[in-house]
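Text of data.cif (mmCIF, C-alpha atoms) as supplied:
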data_structure
#
loop_
_atom_site.label_atom_id
_atom_site.label_comp_id
_atom_site.auth_asym_id
_atom_site.auth_seq_id
_atom_site.Cartn_x
_atom_site.Cartn_y
_atom_site.Cartn_z
CA MET A 74 94.03 145.78 122.85
CA VAL A 75 97.17 146.48 124.90
CA GLN A 76 95.46 145.08 127.99
CA ILE A 77 94.60 141.87 126.12
CA PHE A 78 98.18 141.26 125.02
CA ASN A 79 99.46 142.21 128.45
CA PHE A 80 97.07 139.57 129.84
CA PHE A 81 98.66 136.98 127.53
CA GLY A 82 102.09 138.21 128.65
CA ASN A 83 101.13 137.75 132.28
CA ILE A 84 100.04 134.15 131.67
CA LEU A 85 103.09 133.28 129.57
CA GLY A 86 105.25 134.92 132.21
CA TYR A 87 104.26 132.23 134.70
CA LEU A 88 105.34 129.54 132.24
CA LEU A 89 108.63 131.30 131.51
CA TRP A 90 109.31 131.75 135.22
CA PHE A 91 108.61 128.06 135.82
CA PHE A 92 111.21 127.02 133.24
CA TYR A 93 113.61 129.71 134.44
CA ILE A 94 113.52 128.34 138.00
CA ILE A 95 114.53 124.93 136.60
CA VAL A 96 117.39 126.01 134.29
CA ARG A 97 118.32 129.49 135.63
CA ASN A 98 118.82 130.83 132.12
CA TYR A 99 116.25 132.84 130.19
CA GLY A 100 117.44 131.61 126.78
CA VAL A 101 117.09 127.95 127.77
CA ALA A 102 113.72 128.77 129.35
CA ILE A 103 112.54 130.15 126.01
CA ILE A 104 113.70 126.94 124.31
CA LEU A 105 111.65 124.80 126.72
CA PHE A 106 108.76 127.23 126.41
CA THR A 107 108.76 126.90 122.60
CA ILE A 108 108.90 123.09 122.68
CA ILE A 109 105.95 122.88 125.09
CA LEU A 110 103.89 125.25 122.94
CA LYS A 111 104.64 123.17 119.84
CA LEU A 112 103.51 120.02 121.62
CA ILE A 113 100.27 121.75 122.63
CA MET A 114 99.73 122.96 119.06
CA PHE A 115 100.60 119.60 117.48
CA PRO A 116 96.97 118.39 117.11
CA PHE A 117 96.11 121.61 115.24
CA SER A 118 99.13 121.06 112.97
CA ILE A 119 97.93 117.54 112.19
CA LYS A 120 94.54 118.93 111.21
CA GLN A 121 96.20 121.52 108.99
CA GLN A 122 98.37 118.85 107.34
CA LYS A 123 95.35 116.65 106.65
CA SER A 124 93.56 119.58 105.06
CA MET A 125 96.52 120.33 102.81
CA ALA A 126 96.88 116.67 101.84
CA ALA A 127 93.18 116.46 100.96
CA GLN A 128 93.44 119.59 98.81
CA GLY A 129 96.48 118.11 97.09
CA LYS A 130 94.38 115.11 96.05
CA LEU A 131 91.86 117.51 94.47
CA ALA A 132 94.49 119.36 92.42
CA ALA A 133 93.66 117.42 89.23
CA LYS A 134 89.92 118.08 89.61
CA GLN A 135 90.57 121.77 90.20
CA LYS A 136 92.58 121.97 86.98
CA GLU A 137 89.70 120.34 85.10
CA LEU A 138 87.34 122.98 86.49
CA GLN A 139 89.73 125.72 85.38
CA LYS A 140 89.84 124.34 81.85
CA LYS A 141 86.09 123.83 81.73
CA TYR A 142 85.03 127.28 82.89
CA GLY A 143 88.00 129.31 81.64
CA ASP A 144 87.56 132.98 82.45
CA ASN A 145 84.18 132.52 84.13
CA LYS A 146 85.50 133.06 87.64
CA VAL A 147 82.07 133.17 89.24
CA LYS A 148 81.05 129.77 87.89
CA TYR A 149 84.48 128.33 88.65
CA ASN A 150 84.36 129.44 92.29
CA GLU A 151 80.81 128.11 92.60
CA GLU A 152 81.79 124.69 91.26
CA LEU A 153 84.95 124.70 93.36
CA GLN A 154 82.93 125.29 96.53
CA ASN A 155 80.62 122.46 95.51
CA LEU A 156 83.67 120.23 95.07
CA TYR A 157 84.97 121.16 98.52
CA GLN A 158 81.56 120.46 100.03
CA LYS A 159 81.28 117.12 98.24
CA GLU A 160 84.73 116.02 99.41
CA GLY A 161 84.23 117.39 102.94
CA ILE A 162 87.14 119.86 102.76
CA ASN A 163 87.29 123.30 104.34
CA PRO A 164 90.02 125.38 102.60
CA ALA A 165 90.15 127.81 105.54
CA SER A 166 90.57 125.12 108.20
CA GLY A 167 94.31 125.84 108.52
CA CYS A 168 93.91 129.57 109.11
CA LEU A 169 93.48 129.14 112.86
CA THR A 170 96.80 127.33 113.17
CA THR A 171 98.46 130.08 111.15
CA LEU A 172 97.05 132.94 113.22
CA ILE A 173 97.55 131.48 116.71
CA PRO A 174 101.31 132.31 116.83
CA PHE A 175 100.51 136.05 116.73
CA PRO A 176 98.94 136.36 120.20
CA ILE A 177 101.60 134.00 121.56
CA MET A 178 104.39 136.11 120.10
CA LEU A 179 102.86 139.37 121.35
CA GLY A 180 102.23 137.79 124.74
CA LEU A 181 105.89 136.79 124.89
CA TYR A 182 106.79 140.33 123.82
CA TYR A 183 104.92 141.76 126.80
CA ALA A 184 106.51 139.17 129.07
CA VAL A 185 109.98 140.30 127.94
CA VAL A 186 109.26 144.05 127.86
CA PHE A 187 107.66 143.98 131.31
CA PRO A 188 109.69 141.32 133.15
CA LEU A 189 109.03 142.76 136.60
CA LYS A 190 105.24 142.66 136.28
CA ASN A 191 104.74 139.66 133.98
CA VAL A 192 107.63 137.33 134.88
CA LEU A 193 108.40 138.15 138.49
CA HIS A 194 104.79 139.30 139.00
CA ILE A 195 105.69 142.29 141.15
CA SER A 196 102.72 144.64 141.62
CA ALA A 197 102.34 147.46 139.09
CA ASP A 198 102.34 150.10 141.86
CA VAL A 199 105.76 149.02 143.15
CA VAL A 200 107.19 148.93 139.64
CA GLN A 201 105.82 152.41 138.92
CA LYS A 202 107.47 153.76 142.11
CA ALA A 203 110.78 152.31 140.96
CA SER A 204 110.42 153.95 137.55
CA ASP A 205 109.58 157.30 139.14
CA VAL A 206 112.66 157.13 141.36
CA LEU A 207 114.93 156.33 138.42
CA VAL A 208 113.61 159.27 136.40
CA HIS A 209 114.91 161.67 139.05
CA LEU A 210 118.35 160.08 139.39
CA PRO A 211 121.15 162.40 138.21
CA GLY A 212 122.91 161.27 135.05
CA ILE A 213 120.53 158.47 134.03
CA GLY A 214 117.15 159.98 134.75
CA SER A 215 116.83 161.52 131.29
CA ASN A 216 117.44 158.12 129.68
CA PHE A 217 114.57 156.54 131.66
CA ALA A 218 112.29 159.49 130.91
CA ALA A 219 112.90 159.07 127.16
CA ASN A 220 112.42 155.28 127.23
CA ASN A 221 109.70 154.97 129.84
CA PHE A 222 108.03 152.10 127.94
CA TYR A 223 111.20 150.00 128.30
CA SER A 224 111.97 151.11 131.85
CA GLU A 225 111.54 147.58 133.26
CA ILE A 226 114.05 146.21 130.75
CA GLU A 227 116.48 148.96 131.69
CA ILE A 228 116.07 148.13 135.37
CA VAL A 229 116.84 144.47 134.74
CA LYS A 230 119.75 145.20 132.36
CA HIS A 231 121.47 147.70 134.69
CA PHE A 232 120.31 146.32 138.01
CA SER A 233 123.81 146.03 139.45
CA GLU A 234 124.22 149.84 139.17
CA LEU A 235 120.63 150.68 140.15
CA LYS A 236 120.32 148.32 143.11
CA PRO A 237 121.29 150.90 145.80
CA ALA A 238 118.60 153.32 144.56
CA LEU A 239 115.93 150.59 144.51
CA ALA A 240 116.74 148.96 147.85
CA GLU A 241 113.99 150.84 149.68
CA ILE A 242 111.31 150.12 147.07
CA PHE A 243 111.60 146.37 146.53
CA THR A 244 111.63 143.76 149.25
CA GLU A 245 114.73 141.70 149.91
CA SER A 246 113.29 138.64 148.12
CA GLN A 247 112.29 140.78 145.14
CA LEU A 248 115.78 142.28 144.91
CA ILE A 249 117.28 138.78 144.85
CA LYS A 250 114.90 137.66 142.09
CA ILE A 251 115.59 140.76 139.99
CA GLU A 252 119.34 140.31 140.35
CA GLU A 253 119.12 136.64 139.32
CA LEU A 254 116.93 137.53 136.37
CA SER A 255 119.31 140.27 135.19
CA ASN A 256 122.13 137.72 134.98
CA SER A 257 120.11 135.14 133.02
CA PHE A 258 119.60 136.88 129.65
CA GLN A 259 123.05 136.00 128.29
CA PHE A 260 122.78 133.07 125.88
CA LEU A 261 125.61 131.91 123.60
CA GLY A 262 127.19 135.34 123.87
CA LEU A 263 124.00 137.18 122.92
CA ASP A 264 122.24 139.66 125.18
CA LEU A 265 118.59 138.70 124.76
CA LEU A 266 117.47 141.95 126.38
CA GLY A 267 119.22 143.94 123.65
CA THR A 268 117.57 145.13 120.43
CA PRO A 269 119.19 144.48 117.03
CA LYS A 270 118.06 147.92 115.88
CA GLY A 271 120.71 150.37 117.04
CA SER A 272 123.07 147.69 118.43
CA ALA A 273 126.70 147.49 117.39
CA PHE A 274 127.72 144.96 114.75
CA SER A 275 129.98 143.27 117.30
CA SER A 276 126.96 142.44 119.48
CA MET A 277 125.99 139.84 116.83
CA LEU A 278 122.32 140.60 117.48
CA TRP A 279 121.86 141.11 113.72
CA LEU A 280 122.02 137.31 113.48
CA ILE A 281 118.55 137.09 115.02
CA PRO A 282 116.64 138.75 112.11
CA VAL A 283 118.75 136.86 109.56
CA LEU A 284 118.04 133.52 111.18
CA CYS A 285 114.36 134.44 111.41
CA LEU A 286 114.15 134.97 107.66
CA VAL A 287 116.21 131.91 106.70
CA SER A 288 114.43 129.49 109.06
CA ALA A 289 110.95 130.74 108.17
CA TRP A 290 111.51 130.56 104.41
CA ALA A 291 113.15 127.13 104.72
CA GLN A 292 110.10 125.83 106.53
CA GLN A 293 107.71 127.30 103.96
CA PHE A 294 109.80 125.95 101.07
CA TYR A 295 109.77 122.45 102.50
CA MET A 296 106.05 122.52 103.19
CA THR A 297 105.30 123.77 99.68
CA LYS A 298 107.41 121.08 98.01
CA ARG A 299 106.21 118.21 100.16
CA SER A 300 102.53 119.23 100.30
CA PRO A 301 101.06 119.87 96.85
CA GLY A 302 97.88 121.12 98.47
CA MET A 303 99.68 124.27 99.65
CA GLN A 304 100.03 125.33 96.02
CA GLN A 305 96.22 125.40 95.87
CA GLN A 306 95.78 127.38 99.09
CA GLN A 307 93.39 130.31 99.02
CA GLY A 308 92.63 133.25 101.22
CA CYS A 309 94.64 133.82 104.37
CA MET A 310 96.62 130.59 103.99
CA LYS A 311 97.96 131.62 100.60
CA TYR A 312 99.21 135.05 101.61
CA SER A 313 100.45 134.13 105.08
CA MET A 314 103.09 131.89 103.47
CA PHE A 315 104.85 135.01 102.20
CA LEU A 316 103.91 137.61 104.81
CA LEU A 317 104.73 135.76 108.03
CA PRO A 318 108.50 135.48 107.40
CA LEU A 319 108.75 139.21 106.61
CA ILE A 320 106.71 140.16 109.66
CA SER A 321 108.88 138.00 111.88
CA VAL A 322 112.02 139.69 110.50
CA TYR A 323 110.63 143.14 111.28
CA PHE A 324 109.58 142.17 114.80
CA SER A 325 112.92 140.54 115.53
CA TYR A 326 114.74 143.68 114.37
CA VAL A 327 112.86 146.32 116.39
CA MET A 328 112.01 144.24 119.48
CA PRO A 329 114.23 142.74 122.20
CA ALA A 330 116.32 139.85 120.91
CA ALA A 331 114.39 137.40 123.09
CA ILE A 332 111.38 137.83 120.76
CA GLY A 333 113.40 137.06 117.63
CA PHE A 334 115.11 134.19 119.43
CA TYR A 335 111.69 132.68 120.13
CA TRP A 336 110.70 133.16 116.49
CA VAL A 337 113.81 131.35 115.27
CA LEU A 338 113.14 128.47 117.65
CA SER A 339 109.50 128.39 116.57
CA SER A 340 110.50 128.10 112.90
CA LEU A 341 113.06 125.37 113.58
CA THR A 342 110.71 123.30 115.72
CA GLY A 343 108.00 123.93 113.15
CA PHE A 344 110.27 122.52 110.45
CA VAL A 345 110.79 119.34 112.47
CA GLN A 346 107.05 119.18 113.09
CA SER A 347 106.38 119.54 109.34
CA VAL A 348 108.69 116.63 108.57
CA ILE A 349 106.89 114.43 111.11
CA THR A 350 103.38 115.37 109.97
CA ASN A 351 104.31 114.93 106.32
CA VAL A 352 105.66 111.41 106.95
CA PHE A 353 102.60 110.24 108.86
CA TYR A 354 99.88 112.49 107.43
CA GLY A 355 101.10 113.31 103.92
CA PRO A 356 99.03 112.55 100.78
CA ALA A 357 100.62 109.12 100.25
CA ALA A 358 100.28 108.13 103.91
CA LEU A 359 96.65 109.27 104.09
CA SER A 360 95.77 107.44 100.84
CA ALA A 361 97.33 104.22 102.13
CA LYS A 362 95.54 104.63 105.45
CA ALA A 363 92.19 105.24 103.73
CA GLU A 364 92.66 102.16 101.53
CA ALA A 365 93.53 100.04 104.56
CA GLN A 366 90.43 101.30 106.35
CA ARG A 367 88.23 100.42 103.39
CA ALA A 368 89.70 96.91 103.24
CA ALA A 369 89.21 96.46 106.98
CA LEU A 370 85.59 97.62 106.74
CA ARG A 371 84.98 95.22 103.86
CA VAL A 372 86.33 92.31 105.89
CA GLN A 373 84.28 93.43 108.87
CA ASP A 374 81.10 93.63 106.81
CA GLU A 375 81.69 90.21 105.31
CA ALA A 376 82.28 88.74 108.76
CA ALA A 377 79.07 90.30 110.02
CA VAL A 378 76.97 88.58 107.32
CA LYS A 379 75.16 85.54 108.80
CA PRO A 380 74.83 82.45 106.56
CA LEU A 381 71.30 81.36 105.55
CA PRO A 382 69.83 78.16 106.98
CA TYR A 383 70.48 75.04 104.96
CA ALA A 384 66.85 74.71 103.83
CA GLU A 385 66.81 78.25 102.40
CA GLN A 386 70.15 77.70 100.68
CA LYS A 387 68.78 74.49 99.10
CA ALA A 388 65.62 76.26 97.93
CA LEU A 389 67.61 79.07 96.34
CA GLU A 390 69.88 76.55 94.63
CA GLU A 391 66.93 74.64 93.13
CA LYS A 392 65.33 77.90 92.02
CA TYR A 393 68.53 78.94 90.32
CA LEU A 394 68.93 75.56 88.57
CA PHE A 395 65.32 75.63 87.44
CA ALA A 396 65.79 79.07 85.96
CA ARG A 397 68.81 77.79 84.03
CA GLN A 398 66.85 74.87 82.44
CA PRO A 399 65.61 75.48 78.80
CA SER A 400 61.87 75.82 78.18
CA GLN A 401 59.73 73.36 76.13
CA ASN A 402 59.77 75.65 73.07
CA GLU A 403 63.55 75.84 73.21
CA LYS A 404 63.70 72.03 73.41
CA GLY A 405 61.42 71.68 70.39
CA GLN A 406 63.46 74.07 68.33
CA LYS A 407 66.62 72.17 69.12
CA LYS A 408 65.01 68.78 68.16
CA ASN A 409 63.28 70.07 64.93
CA PRO A 410 65.67 72.25 62.96
CA VAL A 411 63.43 72.01 59.90
CA ALA A 412 60.62 73.69 61.75
CA LYS A 413 63.01 76.41 62.83
CA GLN A 414 64.06 76.95 59.22
CA LYS A 415 60.40 77.02 58.10
CA LYS A 416 59.63 79.61 60.71
CA LYS A 417 62.34 81.87 59.37
CA THR A 418 61.80 81.43 55.57
CA GLY A 419 58.26 80.18 55.34
CA THR A 420 59.28 77.25 53.02
CA VAL A 421 61.22 74.06 53.31
CA LYS A 422 63.47 72.87 50.54
CA LYS A 423 63.29 69.17 49.71
CA SER A 424 66.39 67.47 48.45
CA ASP A 425 64.56 65.01 46.11
CA ASP A 426 62.65 67.87 44.38
CA TYR A 427 65.90 69.63 43.82
CA LEU A 428 67.46 66.52 42.31
CA GLY A 429 64.39 65.90 40.13
CA SER A 430 64.52 69.37 38.61
CA LYS A 431 68.15 68.88 37.92
CA LYS A 432 67.33 65.75 35.91
#
As structure tokens:
Amino acid sequence: MVQIFNFFGNILGYLLWFFYIIVRNYGVAIILFTIILKLIMFPFSIKQQKSMAAQGKLAAKQKELQKKYGDNKVKYNEELQNLYQKEGINPASGCLTTLIPFPIMLGLYYAVVFPLKNVLHISADVVQKASDVLVHLPGIGSNFAANNFYSEIEIVKHFSELKPALAEIFTESQLIKIEELSNSFQFLGLDLLGTPKGSAFSSMLWLIPVLCLVSAWAQQFYMTKRSPGMQQQQGCMKYSMFLLPLISVYFSYVMPAAIGFYWVLSSLTGFVQSVITNVFYGPAALSAKAEAQRAALRVQDEAAVKPLPYAEQKALEEKYLFARQPSQNEKGQKKNPVAKQKKKTGTVKKSDDYLGSKK
């Protein structure tokens, strides 16, 4: 598993190094990195938004099923799945979009923790030689032995002091790159190589976990209010709404600040993305679009209908008029009301007989 995430870190390291070469600041490189990833993920976010909007439209039908089947959960779930199938909705279609940030975040973690191998792409053998040399240095060797996992971060953070001891291990071009990289992790007064856990309050690194929690919950709150379908989410989508912000806070607290900084940026850009997708792909927008499509198809179908030849139209008209004409029996009944009355009663009253009896 470690090798898989380290593979992701190696790939993301190329992208981070590309942006770093342009801006010469690791914090700004992470900003550009986050924006590019959001643009790549935008089609998946549109699909997720459409799924939530479609489920929002089914909210009333789901409530009817709940009332109808009450405590019969088995029958309710069966009918609910039938409803999803009938409407062409997959309630788990948004899970992929929710889970993708995890390998990206862990890949970025390995890119930050191993900057020499995954960002500068120095061979693992050379990096290991540098770590072995530092372990035997008087005064600081014990610190590297205790934190061997973060030895590459320590090399980058304290490169100005360690450069003389590493001059014979790295090439001249590698030493220049490492020195430039060590000076690029300062962003808005924050040391992105530092870890909030164990850092002094004056370092202000505690802001990273706080911003992670606030930005993530703000995004979830907006999405829940603006997308009624999220209130009907099931499975992984339902629980991820509450778990992801807490997980991001934990990661941003125990990992280098660059990880939490990425998570904050991801939440903020995700919030902007949610606003855009809700405007263009929300329930109201999708309903209006569907109605417009139906009207356009109706016009298209009517335009595709070819008129009948004049002779056929004339024949149909005469047939219709003939069918509307009354039959001979109907004509007779209209002209002889006495016969109609006789048919109903069996007798016909005569006015002169009536007058004679009266006399």
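If all atoms listed in the file are the atoms counted, then among A:Leu153, A:Ile332, A:Leu284, A:Trp290 the closest residue to Leu316 of chain A is A:Trp290.
For the structure in this document, the set picked by the PyMOL selection byres ((chain A and resi 263-280) around 8) is Gly100, Val185, Ile226, Lys230, Phe258, Gln259, Phe260, Leu261, Gly262, Ile281, Pro282, Val283, Leu284, Ser325, Tyr326, Val327, Met328, Pro329, Ala330, Ala331 and Phe334 of chain A.
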Store the residues of this selection in a file with C-alpha atoms, as an mmCIF file, in the coordinates of the input.
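Printed below is again.cif as written:
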data_model
loop_
_atom_site.group_PDB
_atom_site.id
_atom_site.type_symbol
_atom_site.label_atom_id
_atom_site.label_comp_id
_atom_site.auth_asym_id
_atom_site.auth_seq_id
_atom_site.Cartn_x
_atom_site.Cartn_y
_atom_site.Cartn_z
ATOM 1 C CA GLY A 100 117.440 131.610 126.780
ATOM 2 C CA VAL A 185 109.980 140.300 127.940
ATOM 3 C CA ILE A 226 114.050 146.210 130.750
ATOM 4 C CA LYS A 230 119.750 145.200 132.360
ATOM 5 C CA PHE A 258 119.600 136.880 129.650
ATOM 6 C CA GLN A 259 123.050 136.000 128.290
ATOM 7 C CA PHE A 260 122.780 133.070 125.880
ATOM 8 C CA LEU A 261 125.610 131.910 123.600
ATOM 9 C CA GLY A 262 127.190 135.340 123.870
ATOM 10 C CA ILE A 281 118.550 137.090 115.020
ATOM 11 C CA PRO A 282 116.640 138.750 112.110
ATOM 12 C CA VAL A 283 118.750 136.860 109.560
ATOM 13 C CA LEU A 284 118.040 133.520 111.180
ATOM 14 C CA SER A 325 112.920 140.540 115.530
ATOM 15 C CA TYR A 326 114.740 143.680 114.370
ATOM 16 C CA VAL A 327 112.860 146.320 116.390
ATOM 17 C CA MET A 328 112.010 144.240 119.480
ATOM 18 C CA PRO A 329 114.230 142.740 122.200
ATOM 19 C CA ALA A 330 116.320 139.850 120.910
ATOM 20 C CA ALA A 331 114.390 137.400 123.090
ATOM 21 C CA PHE A 334 115.110 134.190 119.430
#
Next on the checklist: With distances taken over all atoms listed in the file, which residue among A:Phe92, A:Phe232, A:Val345, A:Leu207 lies nearest Leu105 of chain A?
Outcome noted: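 Using all atoms listed in the file, Leu105 of chain A sits closest to A:Phe92.
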Checklist entry - How many Å separate atom CA of Gln247 of chain A from atom CA of Leu179 of chain A? => result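 It comes out at 25.6 Å.
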Item to check | Residue neighbourhood segment 195-201 of chain A, 10 Å, all atoms listed in the file, exclusion window fewer than 4 positions, as a PyMOL selection string | outcome: chain A and resi 187-191+205-207+224-225+228+242-244+247
Checklist entry - Taking (106.6, 140.7, 109.4) in the file's coordinates, which residues come within 12 Å, counting all atoms listed in the file, written as a list in words? => result Phe175, Met178, Pro282, Cys285, Leu286, Ala289, Ser313, Met314, Phe315, Leu316, Leu317, Pro318, Leu319, Ile320, Ser321, Val322, Tyr323, Phe324, Ser325, Tyr326, Val327, Met328, Gly333 and Trp336 of chain A
Taking every listed atom of segment 185-202 of chain A and adding 4 Å to each side, what centre and edge lengths in Å (one decimal) does the axis-aligned box have, as AutoDock Vina command-line options?
--center_x 106.2 --center_y 145.5 --center_z 135.5 --size_x 15.6 --size_y 24.4 --size_z 23.3
Checklist entry - Could you work out how far atom CA of Gln139 of chain A lies from atom CA of Gln154 of chain A, giving the answer in Å with one decimal? => result 13.1 Å
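With distances restricted to only C-alpha atoms, A:Phe344 is the closest residue to Val287 of chain A from A:Gly143, A:Ile113, A:Val208, A:Phe344.
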Checklist entry - Which one of A:Asn155, A:Ser246, A:Tyr183, A:Thr107 sits closest to Tyr223 of chain A if you count all atoms listed in the file? => result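 That would be A:Tyr183, the residue with the smallest distance to Tyr223 of chain A.
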Checklist entry - Nearest to Tyr149 of chain A among A:Gln373, A:Lys134, A:Ala184, A:Ser233, with distances taken over only C-alpha atoms: which residue is it? => result A:Lys134
Item to check | One-decimal distance in Å that lies between atom CA of Tyr99 of chain A and atom CA of Leu254 of chain A | outcome: 7.8 Å
Checklist entry - Between A:Gln158, A:Ser204, A:Thr342, A:Thr297, which has the minimum distance to Leu112 of chain A (counting all atoms listed in the file)? => result A:Thr342
Item to check | Shell of 10 Å around Arg97 of chain A, all atoms listed in the file, local chain residues under 6 positions omitted, as a VMD selection string | outcome: chain A and resid 90 to 91 253 to 254 256 to 258
